[in-house]
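Novice: Structure file upload_2.csv, CSV, C-alpha atoms, is pasted below:
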```csv
chain,number,residue,atom,x,y,z
K,4,MET,CA,0.0,0.0,0.0
K,5,THR,CA,1.4,3.3,-1.0
K,6,ASP,CA,0.9,7.1,-1.1
K,7,VAL,CA,-0.1,7.4,2.6
K,8,ALA,CA,1.3,10.1,4.7
K,9,ALA,CA,3.8,8.8,7.2
K,10,ASP,CA,2.9,8.7,10.9
K,11,PRO,CA,5.1,6.7,13.3
K,12,ALA,CA,2.1,6.0,15.5
K,13,LEU,CA,0.1,4.4,12.7
K,14,ASN,CA,0.7,1.3,10.6
K,15,GLU,CA,0.1,1.7,6.9
K,16,SER,CA,-3.5,0.5,6.7
K,17,THR,CA,-4.5,2.5,9.8
K,18,ALA,CA,-2.9,5.6,8.2
K,19,ARG,CA,-4.9,4.9,5.0
K,20,ALA,CA,-8.1,4.4,7.0
K,21,ARG,CA,-7.5,7.7,8.8
K,22,GLN,CA,-7.7,9.7,5.6
K,23,SER,CA,-10.7,11.9,5.1
K,24,THR,CA,-11.5,12.8,1.5
K,25,VAL,CA,-14.6,13.0,-0.7
K,26,LEU,CA,-13.9,9.4,-1.8
K,27,THR,CA,-13.1,7.8,1.6
K,28,PRO,CA,-15.5,6.6,4.3
K,29,ASN,CA,-16.0,9.1,7.2
K,30,PHE,CA,-16.9,8.9,10.8
K,31,TYR,CA,-20.0,10.8,12.0
K,32,THR,CA,-21.6,12.3,15.0
K,33,THR,CA,-25.1,13.6,15.1
K,34,ASP,CA,-27.8,15.1,17.4
K,35,TYR,CA,-28.2,12.1,19.7
K,36,ALA,CA,-31.1,13.6,21.6
K,37,ALA,CA,-33.1,14.2,18.4
K,38,MET,CA,-32.4,10.6,17.3
K,39,ASP,CA,-33.7,9.4,20.7
K,40,ARG,CA,-37.0,11.3,20.1
K,41,ILE,CA,-37.9,9.4,17.0
K,42,ASP,CA,-41.3,7.9,17.3
K,43,VAL,CA,-41.9,4.9,15.2
K,44,SER,CA,-45.5,4.2,16.5
K,45,PRO,CA,-46.9,5.2,13.0
K,46,VAL,CA,-45.1,2.1,11.6
K,47,GLU,CA,-45.4,-0.1,14.7
K,48,GLY,CA,-46.5,-3.3,13.0
K,49,GLU,CA,-43.7,-3.3,10.4
K,50,TRP,CA,-41.3,-2.2,13.1
K,51,ASP,CA,-42.0,-5.0,15.4
K,52,ALA,CA,-41.8,-7.6,12.6
K,53,MET,CA,-38.4,-6.2,11.6
K,54,MET,CA,-37.1,-6.2,15.2
K,55,ASP,CA,-38.0,-9.9,15.5
K,56,GLU,CA,-35.7,-10.5,12.5
K,57,PHE,CA,-32.9,-8.6,14.3
K,58,ARG,CA,-33.4,-10.5,17.4
K,59,ARG,CA,-33.3,-13.9,15.6
K,60,ASP,CA,-29.8,-12.9,14.4
K,61,ALA,CA,-29.6,-15.2,11.4
K,62,ASN,CA,-25.9,-14.5,11.0
K,63,VAL,CA,-24.8,-15.2,14.5
K,64,GLU,CA,-22.4,-17.9,13.3
K,65,HIS,CA,-21.8,-16.7,9.8
K,66,PHE,CA,-18.7,-14.5,10.5
K,67,GLU,CA,-16.5,-17.4,11.5
K,68,ARG,CA,-13.7,-18.4,9.2
K,69,ASP,CA,-13.5,-22.1,8.5
K,70,ARG,CA,-10.3,-24.1,8.4
K,71,ASP,CA,-9.7,-23.6,4.7
K,72,PHE,CA,-10.1,-19.8,4.7
K,73,ARG,CA,-6.5,-18.9,5.4
K,74,ALA,CA,-5.2,-21.7,3.2
K,75,GLU,CA,-7.0,-20.0,0.3
K,76,VAL,CA,-5.3,-16.7,0.8
K,77,ALA,CA,-3.0,-16.9,-2.2
K,78,ALA,CA,-0.1,-14.7,-3.1
K,79,LEU,CA,-1.6,-12.0,-5.3
K,80,PRO,CA,0.2,-10.0,-8.0
K,81,GLU,CA,1.4,-6.7,-6.6
K,82,ASP,CA,-1.0,-4.5,-8.6
K,83,LEU,CA,-4.0,-6.6,-7.7
K,84,ARG,CA,-2.8,-6.9,-4.1
K,85,GLU,CA,-2.6,-3.1,-3.8
K,86,GLU,CA,-6.1,-2.6,-5.0
K,87,PHE,CA,-7.6,-5.4,-3.1
K,88,LEU,CA,-6.0,-4.2,0.2
K,89,ASP,CA,-7.4,-0.7,-0.6
K,90,PHE,CA,-10.9,-2.3,-1.0
K,91,LEU,CA,-10.5,-4.2,2.3
K,92,VAL,CA,-9.3,-1.1,4.2
K,93,SER,CA,-12.1,1.1,2.8
K,94,SER,CA,-14.7,-1.5,3.5
K,95,CYS,CA,-13.5,-2.1,7.0
K,96,THR,CA,-13.4,1.6,7.7
K,97,ALA,CA,-17.0,2.0,6.4
K,98,GLU,CA,-18.3,-0.9,8.6
K,99,TYR,CA,-16.5,0.4,11.6
K,100,SER,CA,-17.9,3.9,11.0
K,101,GLY,CA,-21.4,2.4,11.2
K,102,CYS,CA,-20.5,0.5,14.3
K,103,LEU,CA,-19.3,3.6,16.2
K,104,LEU,CA,-22.2,5.7,15.2
K,105,TYR,CA,-24.8,3.1,16.1
K,106,ALA,CA,-23.1,2.3,19.4
K,107,GLU,CA,-23.0,6.0,20.4
K,108,ILE,CA,-26.7,6.5,19.6
K,109,MET,CA,-27.5,3.3,21.6
K,110,LYS,CA,-25.3,4.5,24.5
K,111,ARG,CA,-27.1,7.9,24.7
K,112,ALA,CA,-30.6,6.7,24.0
K,113,LYS,CA,-33.4,6.4,26.6
K,114,ASN,CA,-36.1,5.5,24.1
K,115,PRO,CA,-36.1,1.7,24.4
K,116,ARG,CA,-36.9,1.2,20.7
K,117,MET,CA,-34.0,3.3,19.6
K,118,ARG,CA,-31.7,1.8,22.2
K,119,GLU,CA,-32.5,-1.8,21.1
K,120,LEU,CA,-32.3,-1.1,17.3
K,121,PHE,CA,-29.0,0.7,17.4
K,122,GLY,CA,-27.5,-1.8,19.8
K,123,LEU,CA,-28.3,-4.6,17.4
K,124,MET,CA,-27.1,-2.8,14.3
K,125,SER,CA,-23.8,-1.9,16.1
K,126,ARG,CA,-23.5,-5.7,16.8
K,127,ASP,CA,-23.7,-6.4,13.1
K,128,GLU,CA,-21.3,-3.7,12.0
K,129,SER,CA,-18.8,-4.8,14.6
K,130,ARG,CA,-18.8,-8.3,13.2
K,131,HIS,CA,-18.4,-7.0,9.6
K,132,ALA,CA,-15.5,-4.7,10.5
K,133,ASN,CA,-13.6,-7.4,12.5
K,134,PHE,CA,-14.2,-10.0,9.7
K,135,LEU,CA,-12.7,-7.7,7.1
K,136,ASN,CA,-9.8,-6.8,9.5
K,137,GLN,CA,-9.0,-10.5,9.9
K,138,SER,CA,-8.4,-10.6,6.1
K,139,LEU,CA,-6.1,-7.6,6.4
K,140,ARG,CA,-4.3,-9.4,9.2
K,141,ASP,CA,-3.6,-12.3,6.9
K,142,PHE,CA,-1.4,-9.7,5.0
K,143,ASP,CA,0.0,-8.3,8.3
K,144,LEU,CA,-1.9,-5.1,7.6
K,145,ALA,CA,-4.7,-5.1,10.1
K,146,VAL,CA,-6.2,-1.7,10.9
K,147,ASP,CA,-5.8,-0.6,14.5
K,148,LEU,CA,-9.5,0.0,15.1
K,149,LYS,CA,-9.1,1.2,18.6
K,150,LEU,CA,-6.5,3.8,17.6
K,151,LEU,CA,-8.5,4.8,14.5
K,152,ARG,CA,-11.4,5.7,16.7
K,153,GLU,CA,-9.2,8.2,18.4
K,154,VAL,CA,-7.3,9.7,15.5
K,155,LYS,CA,-9.8,9.9,12.6
K,156,LYS,CA,-11.8,13.1,12.2
K,157,TYR,CA,-15.5,13.0,12.8
K,158,LYS,CA,-18.1,14.9,10.7
K,159,TYR,CA,-21.3,16.2,12.2
K,160,PHE,CA,-24.5,15.3,10.2
K,161,SER,CA,-28.0,16.3,11.4
K,162,PRO,CA,-30.3,13.4,12.0
K,163,LYS,CA,-32.0,14.1,8.7
K,164,PHE,CA,-28.8,13.7,6.8
K,165,ILE,CA,-27.9,10.6,8.7
K,166,MET,CA,-31.2,9.1,7.6
K,167,TYR,CA,-30.6,9.8,3.9
K,168,THR,CA,-26.9,8.9,3.8
K,169,VAL,CA,-26.9,5.8,6.0
K,170,TYR,CA,-30.0,4.4,4.3
K,171,LEU,CA,-28.3,4.8,1.0
K,172,SER,CA,-25.0,3.4,2.3
K,173,GLU,CA,-26.7,0.3,3.7
K,174,LYS,CA,-28.8,-0.3,0.5
K,175,ILE,CA,-26.0,0.3,-1.9
K,176,GLY,CA,-23.8,-1.9,0.2
K,177,TYR,CA,-26.3,-4.7,-0.2
K,178,ALA,CA,-26.4,-4.1,-3.9
K,179,ARG,CA,-22.6,-4.1,-4.3
K,180,TYR,CA,-22.1,-7.3,-2.3
K,181,ILE,CA,-25.0,-9.3,-3.9
K,182,THR,CA,-23.9,-8.3,-7.4
K,183,ILE,CA,-20.3,-9.5,-6.7
K,184,TYR,CA,-21.6,-12.7,-5.1
K,185,ARG,CA,-24.0,-13.6,-8.0
K,186,HIS,CA,-21.3,-12.9,-10.6
K,187,LEU,CA,-18.8,-15.1,-8.8
K,188,GLU,CA,-21.5,-17.8,-8.3
K,189,ARG,CA,-21.7,-17.9,-12.1
K,190,ASN,CA,-17.9,-17.6,-12.6
K,191,PRO,CA,-16.2,-19.3,-9.6
K,192,HIS,CA,-12.9,-19.4,-11.4
K,193,LEU,CA,-12.7,-15.6,-11.0
K,194,ARG,CA,-12.9,-15.8,-7.2
K,195,PHE,CA,-9.4,-14.8,-6.1
K,196,HIS,CA,-10.1,-14.6,-2.3
K,197,PRO,CA,-12.4,-16.6,0.0
K,198,ILE,CA,-14.0,-13.5,1.6
K,199,PHE,CA,-16.4,-13.3,-1.4
K,200,LEU,CA,-18.1,-16.5,-0.4
K,201,TRP,CA,-19.4,-14.7,2.7
K,202,PHE,CA,-21.1,-11.9,0.8
K,203,GLN,CA,-24.6,-13.4,0.3
K,204,GLN,CA,-25.6,-13.7,3.9
K,205,TRP,CA,-23.5,-10.7,4.9
K,206,CYS,CA,-25.4,-8.4,2.6
K,207,ASN,CA,-28.7,-9.3,4.1
K,208,ASP,CA,-27.5,-7.5,7.3
K,209,GLU,CA,-27.0,-4.4,5.2
K,210,PHE,CA,-30.4,-4.8,3.6
K,211,ARG,CA,-32.1,-5.1,7.0
K,212,HIS,CA,-30.3,-2.0,8.4
K,213,GLY,CA,-31.6,-0.1,5.4
K,214,GLU,CA,-35.1,-1.3,6.3
K,215,ALA,CA,-34.8,0.3,9.7
K,216,PHE,CA,-33.9,3.7,8.3
K,217,ALA,CA,-36.7,3.4,5.7
K,218,LEU,CA,-39.2,2.8,8.5
K,219,MET,CA,-37.8,5.7,10.6
K,220,MET,CA,-38.3,8.0,7.5
K,221,ARG,CA,-41.8,6.8,6.9
K,222,ALA,CA,-42.6,7.6,10.5
K,223,GLN,CA,-41.3,11.2,9.8
K,224,PRO,CA,-43.1,12.0,6.5
K,225,GLU,CA,-41.8,15.5,6.5
K,226,LEU,CA,-38.4,14.1,5.5
K,227,LEU,CA,-39.8,12.9,2.2
K,228,ARG,CA,-41.5,16.1,0.9
K,229,GLY,CA,-41.0,19.8,0.1
K,230,ARG,CA,-37.4,21.0,0.1
K,231,ASN,CA,-36.2,17.7,1.4
K,232,ARG,CA,-36.8,16.2,-2.0
K,233,LEU,CA,-33.8,18.3,-3.1
K,234,TRP,CA,-31.7,16.8,-0.3
K,235,ILE,CA,-32.7,13.3,-1.4
K,236,ARG,CA,-31.7,14.0,-4.9
K,237,PHE,CA,-28.4,15.5,-3.7
K,238,PHE,CA,-27.5,12.5,-1.6
K,239,LEU,CA,-28.5,10.0,-4.3
K,240,LEU,CA,-26.2,11.8,-6.7
K,241,ALA,CA,-23.3,12.1,-4.2
K,242,VAL,CA,-23.4,8.4,-3.3
K,243,TYR,CA,-23.7,7.2,-6.9
K,244,ALA,CA,-21.0,9.6,-8.2
K,245,THR,CA,-18.6,8.7,-5.4
K,246,MET,CA,-19.0,5.0,-6.0
K,247,TYR,CA,-18.5,5.4,-9.8
K,248,VAL,CA,-15.3,7.3,-9.5
K,249,ARG,CA,-13.9,5.1,-6.7
K,250,ASP,CA,-14.7,1.9,-8.6
K,251,HIS,CA,-12.9,3.1,-11.7
K,252,MET,CA,-9.7,3.6,-9.6
K,253,ARG,CA,-9.4,-0.2,-9.2
K,254,PRO,CA,-8.8,-1.5,-12.8
K,255,ARG,CA,-6.7,-4.6,-11.8
K,256,MET,CA,-9.3,-5.8,-9.3
K,257,ASN,CA,-12.1,-5.2,-11.8
K,258,ALA,CA,-10.2,-7.3,-14.4
K,259,ALA,CA,-9.5,-10.1,-11.9
K,260,LEU,CA,-13.2,-10.3,-11.0
K,261,GLY,CA,-14.2,-10.2,-14.7
K,262,PHE,CA,-16.0,-6.9,-14.2
K,263,ASP,CA,-16.4,-3.9,-16.5
K,264,PRO,CA,-16.6,-1.2,-13.7
K,265,THR,CA,-19.2,0.8,-15.7
K,266,ASP,CA,-21.4,-2.2,-16.2
K,267,TYR,CA,-21.0,-3.3,-12.6
K,268,ASP,CA,-21.8,0.1,-11.2
K,269,PHE,CA,-25.0,0.5,-13.3
K,270,ARG,CA,-26.1,-2.9,-12.2
K,271,VAL,CA,-25.6,-1.8,-8.6
K,272,PHE,CA,-27.4,1.5,-9.4
K,273,ARG,CA,-30.4,-0.4,-10.8
K,274,ILE,CA,-30.8,-2.5,-7.7
K,275,THR,CA,-30.3,0.5,-5.4
K,276,ASN,CA,-32.9,2.5,-7.3
K,277,GLU,CA,-35.4,-0.4,-6.9
K,278,CYS,CA,-34.7,-0.5,-3.2
K,279,CYS,CA,-35.0,3.3,-2.8
K,280,LYS,CA,-38.5,3.2,-4.4
K,281,GLN,CA,-39.7,1.7,-1.1
K,282,ILE,CA,-39.4,5.1,0.6
K,283,PHE,CA,-38.0,7.9,-1.5
K,284,PRO,CA,-40.4,10.0,-3.6
K,285,LEU,CA,-37.9,10.0,-6.5
K,286,VAL,CA,-34.9,8.2,-7.9
K,287,LEU,CA,-32.2,9.2,-10.4
K,288,ASP,CA,-32.9,8.5,-14.1
K,289,ILE,CA,-29.9,6.2,-14.6
K,290,ASP,CA,-31.1,5.5,-18.2
K,291,ASP,CA,-30.7,9.1,-19.3
K,292,PRO,CA,-27.5,9.1,-21.5
K,293,ARG,CA,-26.5,12.4,-19.9
K,294,PHE,CA,-26.3,10.7,-16.5
K,295,LYS,CA,-23.6,8.3,-17.7
K,296,ASP,CA,-21.8,11.1,-19.7
K,297,GLY,CA,-21.6,13.2,-16.5
K,298,LEU,CA,-20.2,10.3,-14.4
K,299,ASP,CA,-17.6,9.6,-17.1
K,300,ARG,CA,-16.6,13.3,-17.1
K,301,LEU,CA,-16.3,13.1,-13.3
K,302,ASN,CA,-14.1,10.1,-13.6
K,303,ARG,CA,-11.8,11.9,-16.2
K,304,ILE,CA,-11.6,14.9,-13.9
K,305,SER,CA,-10.7,12.6,-11.0
K,306,GLN,CA,-7.9,11.1,-13.0
K,307,ALA,CA,-6.6,14.5,-14.0
K,308,ASN,CA,-6.7,15.6,-10.4
K,309,GLU,CA,-4.7,12.5,-9.3
K,310,ALA,CA,-2.1,13.2,-12.0
K,311,ALA,CA,-1.8,16.8,-10.8
K,312,LYS,CA,-1.5,15.7,-7.2
K,313,LYS,CA,1.5,13.5,-8.1
K,314,ARG,CA,3.0,16.3,-10.3
K,315,GLY,CA,2.9,18.8,-7.4
K,316,GLY,CA,4.3,22.3,-7.6
K,317,VAL,CA,2.4,25.4,-8.7
K,318,MET,CA,1.1,23.9,-12.0
K,319,GLY,CA,-0.1,20.9,-10.2
K,320,ALA,CA,-2.0,23.1,-7.6
K,321,LEU,CA,-3.5,25.2,-10.4
K,322,THR,CA,-4.6,22.1,-12.2
K,323,ARG,CA,-6.2,20.7,-9.1
K,324,LEU,CA,-8.2,24.0,-8.6
K,325,GLY,CA,-9.4,23.7,-12.2
K,326,CYS,CA,-10.5,20.1,-11.5
K,327,MET,CA,-12.4,21.1,-8.4
K,328,ALA,CA,-14.3,23.8,-10.5
K,329,ALA,CA,-15.0,21.3,-13.3
K,330,SER,CA,-16.3,18.7,-10.8
K,331,ALA,CA,-18.6,21.3,-9.3
K,332,VAL,CA,-20.0,22.3,-12.7
K,333,THR,CA,-20.5,18.6,-13.7
K,334,LEU,CA,-22.2,17.7,-10.5
K,335,GLY,CA,-24.5,20.8,-10.9
K,336,ARG,CA,-25.5,19.6,-14.3
K,337,LEU,CA,-26.1,16.1,-13.1
K,338,PHE,CA,-28.2,17.5,-10.2
K,339,LEU,CA,-30.5,19.4,-12.6
K,340,LEU,CA,-31.3,16.3,-14.8
K,341,PRO,CA,-34.9,15.1,-14.6
K,342,THR,CA,-35.6,12.4,-12.0
K,343,VAL,CA,-38.1,9.6,-11.9
K,344,GLU,CA,-41.1,10.1,-9.7
K,345,VAL,CA,-42.1,7.3,-7.3
K,346,ALA,CA,-45.6,6.7,-6.0
K,347,PRO,CA,-45.7,6.1,-2.2
K,348,ARG,CA,-46.3,2.5,-1.2
K,349,GLU,CA,-48.8,1.3,1.4
K,350,SER,CA,-46.2,-0.9,3.0
K,351,VAL,CA,-42.5,0.1,3.3
K,352,ARG,CA,-40.9,-3.2,4.0
K,353,MET,CA,-39.3,-5.2,1.2
K,354,ALA,CA,-37.3,-8.5,1.1
K,355,PRO,CA,-34.0,-9.0,-0.6
K,356,GLN,CA,-34.8,-10.6,-4.0
K,357,TRP,CA,-31.6,-10.2,-6.1
```
Take the structure in the file and write it out as structure tokens.
Specialist:
Amino acid sequence: MTDVAADPALNESTARARQSTVLTPNFYTTDYAAMDRIDVSPVEGEWDAMMDEFRRDANVEHFERDRDFRAEVAALPEDLREEFLDFLVSSCTAEYSGCLLYAEIMKRAKNPRMRELFGLMSRDESRHANFLNQSLRDFDLAVDLKLLREVKKYKYFSPKFIMYTVYLSEKIGYARYITIYRHLERNPHLRFHPIFLWFQQWCNDEFRHGEAFALMMRAQPELLRGRNRLWIRFFLLAVYATMYVRDHMRPRMNAALGFDPTDYDFRVFRITNECCKQIFPLVLDIDDPRFKDGLDRLNRISQANEAAKKRGGVMGALTRLGCMAASAVTLGRLFLLPTVEVAPRESVRMAPQW
């Protein structure tokens, strides 16, 4: 792993996980008292059924590595190893971010429903982060999660923004994992690491977490109308654009998995859009050719920015400023594209079907 600022207190993977950019997972704080005041009584029947699923804990024994797991960790080519480790560190950081946020909400909650929900979701995210970190440990590059908790910057998001972003994070996480799993199910010769075998049951945790946020939003209908429609559009675009650019930064891993990153991302977008129709009043029109054109432009701008960063100096800095301006203009144009209206559903809950 390379291009990480040196810090004698951090190993290389922890230093990478510590980074905070528009393309890396962040740690969050929020208004915990406002989260505690959420009243889910308007969706009580669906809520109770969902909580029964959480309590049954179908994955209680899933995140245990079998005897053959480590034996399958083969020596990877250096370029693939670099990108795969970046994938593991990013995924571990994202899962740990959810664990910390949920645990803090649970710790401060007095509302028994919020306290139980966030305690159970923190349980799940802790398992995910530690399972990913075990795979990093196989390469002697485990993230020091305890230290990361202390050194990584936290961003404040209002409860409303937590609802939108975490819902999308959980649902797109489901879509990413199930798309990889189904692809490797059809093409087992492309599976270069055993961790992918765990993705099917794993992603059901992500799906269920998204269900919880969908119900909390349905219980607060003001989050889904008026000016908040613009925020929903903004966060949909931000999440999709970030994923698109990030995934195109791993060409060797995409090739090893047999993926065209553009095709993979649009398959994930399609699943995520179908999930979002359970609660959001609109989704992005991913079939509009201008949408893909804009994402491709963002990807080219990102590549130019990375080249300028490596070049350094005055010209590099000026180029990066130009890239920032071009990104803002492109995102603005994407934001203004027409969206697809979604009729509200009588029941919010849905089951994973992909």
Novice: What's around Arg58 of chain K at 12 Å? Count all atoms listed in the file, leave out sequence neighbours fewer than 3 positions away in its own chain, and write the answer as a CSV table (one decimal) with C-alpha atoms, keeping the file's coordinate frame.
Specialist:
```
chain,number,residue,atom,x,y,z
K,51,ASP,CA,-42.0,-5.0,15.4
K,52,ALA,CA,-41.8,-7.6,12.6
K,53,MET,CA,-38.4,-6.2,11.6
K,54,MET,CA,-37.1,-6.2,15.2
K,55,ASP,CA,-38.0,-9.9,15.5
K,61,ALA,CA,-29.6,-15.2,11.4
K,62,ASN,CA,-25.9,-14.5,11.0
K,63,VAL,CA,-24.8,-15.2,14.5
K,119,GLU,CA,-32.5,-1.8,21.1
K,120,LEU,CA,-32.3,-1.1,17.3
K,122,GLY,CA,-27.5,-1.8,19.8
K,123,LEU,CA,-28.3,-4.6,17.4
K,124,MET,CA,-27.1,-2.8,14.3
K,126,ARG,CA,-23.5,-5.7,16.8
K,127,ASP,CA,-23.7,-6.4,13.1
K,211,ARG,CA,-32.1,-5.1,7.0
```
Novice: Counting only C-alpha atoms, what is within 8 Å of Ala259 of chain K, bar same-chain residues fewer than 4 positions away, as an mmCIF file with C-alpha atoms, keeping the file's coordinate frame?
Specialist:
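Final file, selection.cif:
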```cif
data_model
loop_
_atom_site.group_PDB
_atom_site.id
_atom_site.type_symbol
_atom_site.label_atom_id
_atom_site.label_comp_id
_atom_site.auth_asym_id
_atom_site.auth_seq_id
_atom_site.Cartn_x
_atom_site.Cartn_y
_atom_site.Cartn_z
ATOM 1 C CA LEU K 83 -4.000 -6.600 -7.700
ATOM 2 C CA LEU K 193 -12.700 -15.600 -11.000
ATOM 3 C CA PHE K 195 -9.400 -14.800 -6.100
ATOM 4 C CA ARG K 255 -6.700 -4.600 -11.800
#
```
Novice: I'd like to know which of K:Val146, K:Val345, K:Ile183, K:Ala112 is closest to Leu91 of chain K, using all atoms listed in the file.
Specialist: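 The closest residue to Leu91 of chain K is K:Val146.
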Novice: Find the residues around Pro284 of chain K up to 9 Å (all atoms listed in the file counted), leave out those fewer than 2 positions away in its own chain, and share them as number ranges by chain.
Specialist: K: 227-228, 232, 235, 279-282, 286, 343-347
Novice: Which residues of segment 294-342 of chain K come within 8 Å of segment 240-251 of chain K, and for each one, what is the closest pair of atoms and their distance in Å to one decimal, counting only C-alpha atoms, sorted by chain and residue number, as CSV?
Specialist:
```
residue,atom,partner,partner_atom,distance
K:Leu298,CA,K:Ala244,CA,6.3
K:Leu301,CA,K:Val248,CA,7.0
K:Asn302,CA,K:Val248,CA,5.1
K:Ser305,CA,K:Val248,CA,7.2
K:Leu337,CA,K:Leu240,CA,7.7
K:Phe338,CA,K:Leu240,CA,7.0
```
Novice: Counting all atoms listed in the file, which of K:Trp201, K:Met353, K:Gly176, K:Arg116 gets nearest to Glu47 of chain K?
Specialist: K:Arg116
Novice: Find the spatial neighbours of Lys174 of chain K, counting all atoms listed in the file, within a cut-off of 6 Å - ignore same-chain residues fewer than 2 positions away - and output them as a list in words.
Specialist: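 Counting only the stated atoms, we get Leu171, Ser172, Gly176, Tyr177, Phe210 and Gly213 of chain K.
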Novice: From (-4.7, -7.4, -2.0), in the file's coordinates, out to 12 Å: which residues are reached, counting all atoms listed in the file? Answer as a ChimeraX atom specification.
Specialist: /K:4,16,76-92,138-144,195-196,198,253,255-256,259
Novice: Got a sec: who's within 8 Å of segment 222-226 of chain K, counting all atoms listed in the file, leaving out chain neighbours fewer than 5 positions off, as a VMD selection string?
Specialist: chain K and resid 42 to 46 163 231 to 232
Novice: With only C-alpha atoms as the atoms that count, which of K:His65, K:Ala178, K:Pro162, K:Arg152 lies nearest to Phe134 of chain K?
Specialist: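 Answer, going by the shortest atom-to-atom distance: K:His65.
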Novice: Which residue, K:Arg303, K:Arg273, K:Arg130, K:Lys313, has the smallest gap to Ile289 of chain K when you use only C-alpha atoms?
Specialist: K:Arg273
Novice: Separation of atom CA of His186 of chain K and atom CA of Ala258 of chain K, in Å?
Specialist: 13.0 Å
Novice: Kindly indicate which residue among K:Ala310, K:Leu260, K:Leu334, K:Leu233 lies nearest to Pro191 of chain K, using all atoms listed in the file for the distances.
Specialist: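 Of K:Ala310, K:Leu260, K:Leu334, K:Leu233, the one nearest Pro191 of chain K, counting all atoms listed in the file, is K:Leu260.
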Novice: What's the separation between atom CA of Asn257 of chain K and atom CA of Leu135 of chain K, in Å to one decimal place?
Specialist: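 Pair atom CA of Asn257 of chain K / atom CA of Leu135 of chain K returns 19.1 Å.
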Novice: Return the single residue from K:Asp299, K:Glu349, K:Asp34, K:Asp69 that is closest to Arg221 of chain K, with distances computed using only C-alpha atoms.
Specialist: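 Residue with the minimum atom-to-atom distance to Arg221 of chain K: K:Glu349.
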Novice: Could you jot down the atom CA of Lys113 of chain K to atom CA of Asn207 of chain K separation for me, Å, one decimal place?
Specialist: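 Computing the Euclidean distance for atom CA of Lys113 of chain K and atom CA of Asn207 of chain K yields 27.8 Å.
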